[in-house]
Amino acid sequence: MKKFIESISNVWKIEELKNRILITLGLLLVYRFGAHVTLPGIDATQLTGLAGQTKQGLGSILDMFTGGAFSKASVFALGIMPYISASIVVQLMGIAIPYLQKLQNDGESGRKKINQITRWLTIAITLVQGPTYIYNLYRTLPGSAFLLGFNSPEFLFSSVIILVTGTIFAMWLGEKITDKGIGNGISLLIMVGILARLPQAFIQEFTTRVTNNNGGPMLLVIEIIVWLLVIISCVLLTMAVRRIPVQYARRTTSGDYEQDLAGGNRQWIPLKLNASGVMPIIFAQAIMFIPAAVAGLSKSDTSQSIVGAFSNMFGFWYNFVFATLIIVFTFFYTAITVPTNKMADDLKRSGGFIPGVRPGAETSEFLDKVMSLITFPGSLFLALIAVFPAIVVSIMDVQQSWAMFFGGTSLIIMVGVAIDTIQQINSYLLNKHYDGLMKTGKNRKAVA
């Protein structure tokens with residue numbers, strides 16, 4: 001504990017790191033403030049119907065990712081999700097469109113062009129989602145909630161412009177956090193939105209267990225222990241890697257090849273157990289809303305039973321299909337994002353090889369085989385974490401709002417972003433500590 005406190009105090013001793021953290025906190029505060037600013041022309045006291053709509057289904061997920069802005073009819077109601085959708089589309093299009101493939105291989109200049117394409121696509125997606133959101137407000141809220149009049153063209157036009165501007169501003173905040181702050185800005189905005197609902201969810205669960213005497217404090221303590229164990233499991237899933245040993249030949253003046261191999265430098269290729277991250281869950285979540293939407297077009301008993309099954313996020317059939325899709329998408333996304341052929345070619349060009357495996361095609365096949373073997377248990381574990389909220393609701397009768405933090409997209413995002421941010425802070429601390437060990441005792445600022 002003493003070492004941890006010393007590490008925290010050392011953070012504030014590094015001027016650059018302190019400034020980056022303060023900038024990050026300031027921009028996150030601006031984002032959270034905007035989430036509570038209601039769209040002009042809406043009576044904020046009459047949003048009860050919209051809040052009720054976001055207690056389950058797709059609305060609850062959107063409200064969680066926007067930090068409650070969706071249910072508040074905020075200027076940030078669409079949040080950063082249009083940008084995430086645009087990024088996914090551009091990434092998938094990069095598989096089939098040669099121009100995007102060329103940009104991906106052009107280094108920094110190509111990355112800037114891809115970012116610009118993503119921004120324009122974000123605006124296009126927001127222009128579609130904005131009117132849809134306003135139409136949902138018309139269906140959900142009473143006519144008296146619209147101060148400019150129900151179905152007012154002025155309200156529709158101004159609200160869509162504000163929603164588009166809000167998403168662009170949120171995107172700008174995320175990019176500024178990445179450039180001037182600490183951590184990945186877009187991911188931090190999502191994580192802060194998710195964490196914003198954590199206190200309220202815990203208070204509701206505490207009230208149910210303790211105040212209403214539904215299980216008592218002991219069951220609440222058990223829930224917290226289970227929650228911490230799930231978080232530890234997510235950390236292990238995120239950090240787990242399979243290290244493939246690599247040998248690099250070192251040339252000597254004698255030209256003895258055996259001596260070259262014996263004196264070569266040994267390194268590792270880290271293959272992640274969960275190389276696809278949270279993307280399979282996002283893809284599967286999007287697919288899960290299609291059956292209910294299609295079946296809802298029909299009024300037959302079979303269609304209505306399908307709607308009921310796929311509308312209950314904590315039901316058996318919903319989670320069974322959900323888990324199956326996650327396993328399938330994990331293999332799919334890993335296959336398109338882990339270029340084993342390119343890894344083998346780069347290894348061959350740099351003079352490296354995997355002991356016992358020939359360079360070239362055999363190395364590519366070996367890496368692909370290992371990747372498939374480790375992806376299978378990784379996909380099963382990812383699917384288990386994704387459906388774990390339904391398990392705790394069924395077994396422990398946990399409140400649904402609190403159960404959402406026991407797994408799924410929200411928990412994996414929080415763990416992944418927290419690990420990435422801590423690693424960046426730790427790198428600053430390690431660099432400073434290394435400078436402090438130098439005999440000169442001067443820090444970087446003094447040397448500069």
# chains A, B, ... in the order shown; residues from 1 in each chain; ligands from 1

$ select_by_dssp --residues "segment 5-192 of chain A" --states "helix (DSSP H, G or I)" --output "PyMOL selection string"
chain A and resi 5-11+15-34+44-46+48-53+57-65+81-96+98-104+107-140+143-145+153-180+185-192

$ atom_distance --atom1 "atom CA of Ser379 of chain A" --atom2 "atom CA of Ile327 of chain A"
5.0 Å

$ closest_residue --among "A:Gly185, A:Gly110, A:Pro270, A:Gly277" --to "Cys234 of chain A" --atoms "only C-alpha atoms"
A:Gly277

$ closest_residue --among "A:Lys113, A:Pro280, A:Pro291, A:Met171" --to "Ile412 of chain A" --atoms "only C-alpha atoms"
A:Pro280

$ residues_around --residues "segment 21-25 of chain A" --least-positions-apart "6" --cutoff "7 Å" --atoms "only C-alpha atoms" --output "number ranges by chain"
A: 177, 181-182

$ closest_residue --among "A:Thr375, A:Gly315, A:Thr48, A:Asp368" --to "Pro142 of chain A" --atoms "only C-alpha atoms"
A:Thr48

$ atom_distance --atom1 "atom CA of Trp268 of chain A" --atom2 "atom CA of Met371 of chain A"
14.6 Å

$ closest_residue --among "A:Lys369, A:Arg111, A:Arg32, A:Arg197" --to "Ala335 of chain A" --atoms "only C-alpha atoms"
A:Lys369

$ closest_atom_pairs --of "segment 182-208 of chain A" --to "segment 219-226 of chain A" --cutoff "10 Å" --atoms "only C-alpha atoms" --output "CSV"
residue,atom,partner,partner_atom,distance
A:Phe202,CA,A:Leu220,CA,9.9
A:Glu205,CA,A:Leu220,CA,8.0
A:Phe206,CA,A:Leu220,CA,7.1
A:Thr208,CA,A:Leu220,CA,9.6

$ residues_around --residues "Ile422 of chain A" --least-positions-apart "5" --cutoff "9 Å" --atoms "only C-alpha atoms" --output "list in words"
Gly183, Val417 and Ser427 of chain A

$ residues_around --residues "Asn274 of chain A" --least-positions-apart "6" --cutoff "8 Å" --atoms "only C-alpha atoms" --output "ChimeraX atom specification"
/A:237-238,240,375,378-379,382

$ write_last_selection --atoms "C-alpha atoms" --output "compact mmCIF listing (two decimals), in the first residue's frame"
# COMPACT_ATOMS: atom_id res chain seq x y z
CA LEU A 237 -8.63 -12.28 -20.56
CA THR A 238 -7.37 -8.88 -21.74
CA ALA A 240 -3.35 -13.12 -21.62
CA THR A 375 -8.94 -18.12 -30.04
CA GLY A 378 -10.76 -17.07 -25.67
CA SER A 379 -14.08 -16.93 -27.54
CA LEU A 382 -15.63 -13.92 -23.90
